[in-house]
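Everything below belongs to structure.txt, which stores compact mmCIF, C-alpha atoms.
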```txt
# COMPACT_ATOMS: atom_id res chain seq x y z
CA MET A 186 0.00 0.00 0.00
CA GLU A 187 2.82 2.41 0.85
CA LYS A 188 4.38 2.08 -2.62
CA PHE A 189 0.98 2.50 -4.27
CA LEU A 190 0.17 5.65 -2.29
CA LYS A 191 3.44 7.25 -3.39
CA GLN A 192 2.80 6.68 -7.09
CA THR A 193 1.51 9.53 -9.25
CA TRP A 194 -0.35 7.93 -12.16
CA TRP A 195 -3.48 7.05 -10.21
CA LYS A 196 -3.71 10.54 -8.71
CA ILE A 197 -3.73 12.03 -12.21
CA LEU A 198 -6.36 9.45 -13.14
CA ALA A 199 -8.47 10.52 -10.16
CA ILE A 200 -8.39 14.17 -11.27
CA VAL A 201 -9.23 13.30 -14.88
CA PHE A 202 -12.12 11.02 -13.90
CA LEU A 203 -13.60 13.54 -11.46
CA LEU A 204 -13.36 16.46 -13.88
CA TYR A 205 -14.93 14.37 -16.64
CA ALA A 206 -17.71 12.97 -14.45
CA LEU A 207 -18.61 16.10 -12.51
CA ILE A 208 -18.43 18.64 -15.33
CA GLY A 209 -20.20 16.27 -17.70
CA GLY A 210 -22.71 15.41 -15.00
CA LEU A 211 -23.68 19.05 -14.68
CA LEU A 212 -23.83 19.80 -18.39
CA VAL A 213 -25.67 16.75 -19.75
CA PRO A 214 -29.40 17.60 -19.93
CA LEU A 215 -32.27 15.40 -18.85
CA ALA A 216 -34.14 13.27 -21.34
CA GLY A 217 -36.67 15.09 -23.51
CA THR A 218 -34.20 17.50 -25.09
CA SER A 219 -32.66 17.39 -28.54
CA SER A 220 -29.23 16.43 -27.18
CA GLY A 221 -27.74 13.09 -28.13
CA LEU A 222 -26.67 12.46 -24.51
CA ALA A 223 -29.34 12.77 -21.83
CA PHE A 224 -29.86 11.58 -18.28
CA PRO A 225 -33.12 9.75 -17.49
CA ASN A 226 -35.88 12.16 -16.47
CA MET A 227 -37.74 10.17 -13.83
CA PRO A 228 -40.78 11.35 -11.87
CA ILE A 229 -39.93 12.87 -8.47
CA LEU A 230 -36.16 12.50 -9.05
CA ASN A 231 -35.95 14.96 -11.95
CA GLU A 232 -32.69 17.01 -11.71
CA SER A 233 -31.78 15.38 -8.40
CA ILE A 234 -30.67 12.33 -10.41
CA ARG A 235 -27.35 14.16 -10.76
CA ASN A 236 -26.72 13.60 -7.06
CA LEU A 237 -26.03 9.98 -7.96
CA LEU A 238 -22.56 11.17 -9.03
CA TYR A 239 -21.91 12.48 -5.50
CA HIS A 240 -23.96 10.60 -2.91
CA VAL A 241 -23.40 6.99 -3.94
CA PRO A 242 -19.64 7.35 -4.65
CA MET A 243 -19.20 8.82 -1.16
CA TRP A 244 -20.51 5.62 0.38
CA PHE A 245 -18.47 3.45 -1.97
CA SER A 246 -15.41 5.45 -0.96
CA MET A 247 -16.23 5.06 2.72
CA VAL A 248 -16.64 1.30 2.39
CA ALA A 249 -13.33 1.04 0.49
CA LEU A 250 -11.52 3.13 3.12
CA LEU A 251 -12.97 1.22 6.05
CA LEU A 252 -12.14 -2.08 4.34
CA VAL A 253 -8.49 -1.05 4.09
CA SER A 254 -8.58 0.10 7.72
CA PHE A 255 -10.11 -3.25 8.70
CA ILE A 256 -7.37 -5.17 6.86
CA TYR A 257 -4.61 -3.15 8.51
CA SER A 258 -6.14 -3.77 11.93
CA ILE A 259 -6.01 -7.50 11.28
CA GLN A 260 -2.41 -7.15 10.15
CA TYR A 261 -1.54 -5.22 13.30
CA LEU A 262 -2.95 -7.93 15.56
CA SER A 263 -0.85 -10.53 13.74
CA ASN A 264 2.25 -8.32 13.57
CA ALA A 265 2.41 -5.41 15.99
CA ASN A 266 3.86 -2.93 13.50
CA SER A 267 3.05 0.72 14.26
CA THR A 268 2.81 1.42 10.50
CA PHE A 269 -0.21 -0.87 10.28
CA ASP A 270 -1.87 0.95 13.17
CA ASN A 271 -1.17 4.31 11.52
CA TYR A 272 -2.76 3.20 8.25
CA ALA A 273 -5.75 1.72 10.06
CA ASN A 274 -6.28 4.99 11.92
CA SER A 275 -5.74 7.25 8.90
CA PHE A 276 -8.05 5.33 6.58
CA ALA A 277 -10.73 5.17 9.28
CA GLN A 278 -10.54 8.94 9.81
CA VAL A 279 -10.97 9.68 6.11
CA GLY A 280 -13.67 7.01 5.95
CA VAL A 281 -15.69 8.83 8.60
CA PHE A 282 -15.23 12.09 6.68
CA PHE A 283 -16.55 10.56 3.46
CA GLY A 284 -19.36 8.94 5.41
CA ALA A 285 -20.35 12.38 6.70
CA LEU A 286 -20.34 13.67 3.12
CA GLY A 287 -22.49 10.70 2.15
CA ILE A 288 -25.03 11.50 4.85
CA PHE A 289 -25.05 15.21 3.93
CA THR A 290 -25.60 14.60 0.19
CA GLY A 291 -28.18 11.96 1.08
CA MET A 292 -30.08 14.43 3.26
CA LEU A 293 -30.20 16.92 0.40
CA TRP A 294 -31.47 14.21 -1.92
CA ALA A 295 -34.04 13.06 0.65
CA LYS A 296 -35.37 16.62 1.01
CA SER A 297 -35.76 16.90 -2.76
CA THR A 298 -37.42 13.52 -3.35
CA TRP A 299 -39.02 12.49 -0.05
CA GLY A 300 -39.84 15.95 1.32
CA ALA A 301 -37.72 15.71 4.49
CA PHE A 302 -34.02 15.76 5.31
CA TRP A 303 -34.41 12.63 7.43
CA THR A 304 -37.01 9.86 7.49
CA ASN A 305 -37.47 6.80 9.66
CA ASP A 306 -35.75 4.61 7.08
CA PRO A 307 -33.61 1.59 8.08
CA LYS A 308 -30.90 2.54 5.59
CA LEU A 309 -30.62 6.07 7.00
CA ASN A 310 -30.75 4.90 10.60
CA GLY A 311 -28.23 2.15 9.89
CA ALA A 312 -25.86 4.65 8.29
CA ALA A 313 -26.15 6.93 11.31
CA ILE A 314 -25.47 4.06 13.73
CA GLY A 315 -22.51 2.97 11.61
CA MET A 316 -21.08 6.47 11.76
CA LEU A 317 -21.50 6.57 15.54
CA ILE A 318 -19.67 3.24 15.84
CA TYR A 319 -16.67 4.67 13.98
CA ILE A 320 -16.79 7.98 15.80
CA ALA A 321 -16.56 5.91 18.99
CA TYR A 322 -13.47 4.25 17.47
CA LEU A 323 -11.81 7.63 16.98
CA ILE A 324 -12.76 8.74 20.50
CA LEU A 325 -11.42 5.47 21.91
CA ARG A 326 -8.05 6.11 20.30
CA SER A 327 -7.86 9.59 21.81
CA THR A 328 -8.59 8.41 25.35
CA ILE A 329 -5.81 5.80 25.68
CA GLU A 330 -2.34 7.23 26.25
CA ASP A 331 -0.25 4.06 26.10
CA GLU A 332 0.63 3.55 22.43
CA LEU A 333 0.80 -0.24 22.40
CA LYS A 334 -2.36 -0.65 24.44
CA ARG A 335 -4.17 1.92 22.27
CA ALA A 336 -3.17 0.24 19.03
CA LYS A 337 -4.16 -3.25 20.20
CA ILE A 338 -7.54 -2.21 21.62
CA ALA A 339 -8.28 0.01 18.62
CA ALA A 340 -7.43 -2.78 16.18
CA SER A 341 -9.74 -5.21 17.97
CA TYR A 342 -12.55 -2.66 18.07
CA ASN A 343 -12.02 -1.74 14.41
CA ILE A 344 -12.60 -5.33 13.31
CA PHE A 345 -15.84 -5.42 15.29
CA ALA A 346 -16.85 -1.99 13.97
CA PHE A 347 -16.45 -2.94 10.29
CA ILE A 348 -18.53 -6.10 10.66
CA MET A 349 -21.29 -4.19 12.46
CA TYR A 350 -21.13 -1.40 9.89
CA LEU A 351 -21.72 -3.83 7.03
CA ALA A 352 -24.65 -5.35 8.90
CA PHE A 353 -26.30 -1.97 9.53
CA ILE A 354 -26.01 -0.59 5.99
CA PHE A 355 -26.22 -3.71 3.81
CA VAL A 356 -27.92 -6.57 5.66
CA ILE A 357 -30.62 -5.09 7.92
CA PRO A 358 -32.09 -2.65 5.32
CA ARG A 359 -32.66 -5.56 2.92
CA LEU A 360 -34.71 -7.41 5.53
CA THR A 361 -37.16 -4.57 6.17
CA ASP A 362 -39.14 -1.97 4.21
CA SER A 363 -36.95 0.85 2.90
CA LEU A 364 -37.27 3.85 0.62
CA HIS A 365 -33.78 3.34 -0.77
CA PRO A 366 -33.32 1.74 -4.19
CA GLY A 367 -32.25 -1.88 -3.91
CA ASN A 368 -33.49 -2.25 -0.33
CA GLY A 369 -36.71 -3.45 1.23
CA GLY A 370 -38.11 -4.72 -2.05
CA ASN A 371 -37.42 -1.50 -3.98
CA PRO A 372 -35.73 -1.97 -7.36
CA ALA A 373 -32.10 -0.89 -7.64
CA PHE A 374 -31.06 2.02 -9.84
CA SER A 375 -29.67 -0.31 -12.48
CA SER A 376 -33.07 -1.89 -12.99
CA TYR A 377 -35.06 1.21 -13.82
CA ASP A 378 -33.16 4.46 -14.36
CA LEU A 379 -29.39 3.94 -14.49
CA ASP A 380 -29.21 4.07 -18.29
CA ASN A 381 -26.10 3.92 -20.49
CA THR A 382 -25.63 7.70 -20.51
CA LEU A 383 -25.66 7.94 -16.73
CA ARG A 384 -23.29 4.98 -16.50
CA LEU A 385 -20.79 6.90 -18.67
CA PHE A 386 -20.45 9.40 -15.83
CA PHE A 387 -21.39 7.37 -12.74
CA TYR A 388 -18.62 4.77 -13.03
CA PRO A 389 -15.80 7.31 -13.61
CA ALA A 390 -17.19 9.40 -10.73
CA THR A 391 -17.15 6.37 -8.42
CA ILE A 392 -13.58 5.44 -9.37
CA GLY A 393 -12.46 9.07 -9.15
CA TRP A 394 -13.92 9.64 -5.67
CA ILE A 395 -12.44 6.38 -4.35
CA LEU A 396 -9.01 7.28 -5.70
CA LEU A 397 -9.29 10.78 -4.24
CA SER A 398 -10.23 9.34 -0.85
CA PHE A 399 -7.16 7.09 -0.94
CA TRP A 400 -5.05 10.09 -1.90
CA ILE A 401 -6.31 12.00 1.14
CA ALA A 402 -5.77 8.97 3.39
CA GLY A 403 -2.20 8.63 2.12
CA VAL A 404 -1.43 12.26 2.89
CA LEU A 405 -3.01 11.93 6.33
CA SER A 406 -1.03 8.77 7.11
CA ARG A 407 2.24 10.55 6.29
CA THR A 408 1.18 13.52 8.40
CA ASN A 409 0.31 11.27 11.33
CA ALA A 410 3.64 9.45 10.98
CA LEU A 411 5.53 12.78 11.07
CA ASN A 412 3.59 13.90 14.13
CA ILE A 413 4.48 10.65 15.90
CA LYS A 414 8.18 11.17 15.13
CA ILE A 415 8.02 14.77 16.35
CA ASP A 416 6.39 13.67 19.60
CA GLU A 417 8.99 10.96 20.10
CA LYS A 418 11.84 13.46 19.60
CA GLY A 419 10.16 15.89 21.95
CA GLU A 420 10.10 13.29 24.68
```
structure tokens encoding of this file:
Amino acid sequence: MEKFLKQTWWKILAIVFLLYALIGGLLVPLAGTSSGLAFPNMPILNESIRNLLYHVPMWFSMVALLLVSFIYSIQYLSNANSTFDNYANSFAQVGVFFGALGIFTGMLWAKSTWGAFWTNDPKLNGAAIGMLIYIAYLILRSTIEDELKRAKIAASYNIFAFIMYLAFIFVIPRLTDSLHPGNGGNPAFSSYDLDNTLRLFFYPATIGWILLSFWIAGVLSRTNALNIKIDEKGE
């Protein structure tokens, strides 16, 4: 991972994909115009369909970040290397940030389509609980002073947190009624309004946001590593 994070090609790719997806996503009109390219113009969704290029990639990015954090926590428990703990912490921090962006963009979309920023929906409630679980992880790290003890406890908790997070946002919403596409019996986007034109921008946007999130996590991990070295020298 360290070698990958230092490479440049994928960072350029992230910028290109995001510029293409976001600029194109704003300029492509809805269906019903004379343009060759057009996004599906669905009832209720209307222009808010463009939020698909922001809201969904945020959650994909969060899952990818937390998965990497989860893997590094497992690696730390098998090999107590402080680098693994640093990566687990850094990716979790950025994961929570992207999760907050996902909730914020989701609230805007909910207000536009459902008439309220928040509804009693299992997907929304599960996402909120998942965020609280990871916020507790970050608080836990800040309350333990001993480095080795902090890293070991945090790694154990992080494994538990990721499993619970997946259950709250993927498993439970599928078992109950939900307003979200693909949950609670509702059809997924791909089955009724994710047409070929929208795919041309949605997939690059998803890849671009994930790469950008990894870029941020890489910078944060190096910053955290420098801060640790500074603290050690200060002592």
Could you write out as lines of an AutoDock Vina configuration file the box around segment 324-342 of chain A (axis-aligned, all atoms listed in the file, 6 Å on each side), with centre and edge lengths in Å to one decimal?
```
center_x = -6.0
center_y = 2.2
center_z = 21.2
size_x = 25.6
size_y = 26.8
size_z = 22.1
```
Using all atoms listed in the file, which residue out of A:Ser246, A:Thr382, A:Ser406, A:Asn271 lies closest to Leu215 of chain A? A:Thr382
Using only C-alpha atoms, can you tell me which of A:Tyr342, A:Phe399, A:Phe269, A:Trp394 comes closest to Val201 of chain A?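 Counting only C-alpha atoms, the residue closest to Val201 of chain A is A:Trp394.
Among A:Phe353, A:Tyr319, A:Tyr239, A:Trp303, the residue with the shortest atom-to-atom distance to Phe276 of chain A, counting all atoms listed in the file, is A:Tyr319.
With all atoms listed in the file as the atoms that count, the residue of A:Trp194, A:Tyr261, A:Gly210, A:Lys308 with the shortest distance to Ala390 of chain A is A:Gly210.
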Pick from A:Asn343, A:Ser327, A:Lys191, A:Ile320: nearest to Leu262 of chain A, with all atoms listed in the file counted?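 Checking each candidate against Leu262 of chain A, we get A:Asn343 as the closest.
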Compile the contact shell of Tyr322 of chain A as a ChimeraX atom specification: residues with an atom at most 10 Å away, counting only C-alpha atoms, same-chain residues fewer than 2 positions apart removed. /A:274,277-278,316-320,324-327,338-340,342-343,346
Show which residues sit within 6 Å of segment 290-298 of chain A, as a ChimeraX atom specification. Count only C-alpha atoms, and ignore same-chain residues fewer than 3 positions away. /A:229-230,240,287,301-302
With all atoms listed in the file as the basis for distance, which of A:Met247, A:Ser267, A:Ala216, A:Ala402 is at the shortest distance from Ile234 of chain A?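 Under the stated criterion, the closest residue is A:Ala216.
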Any idea what the distance is between atom CA of Leu397 of chain A and atom CA of Lys196 of chain A?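 One can read the atom CA of Leu397 of chain A to atom CA of Lys196 of chain A distance as 7.2 Å.
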d(atom CA of Met227 of chain A, atom CA of Val248 of chain A) in Å: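 A separation of 28.1 Å between them.
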By how many Å are atom CA of Ala313 of chain A and atom CA of Ala273 of chain A apart? 21.1 Å
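The list of residues within 12 Å of (1.3, 9.1, 14.7), counted using all atoms listed in the file, is Ser267, Thr268, Phe269, Asp270, Asn271, Tyr272, Ala273, Asn274, Ser275, Arg326, Ser327, Glu332, Arg335, Ala336, Leu405, Ser406, Arg407, Thr408, Asn409, Ala410, Leu411, Asn412, Ile413, Lys414, Ile415, Asp416 and Glu417 of chain A.
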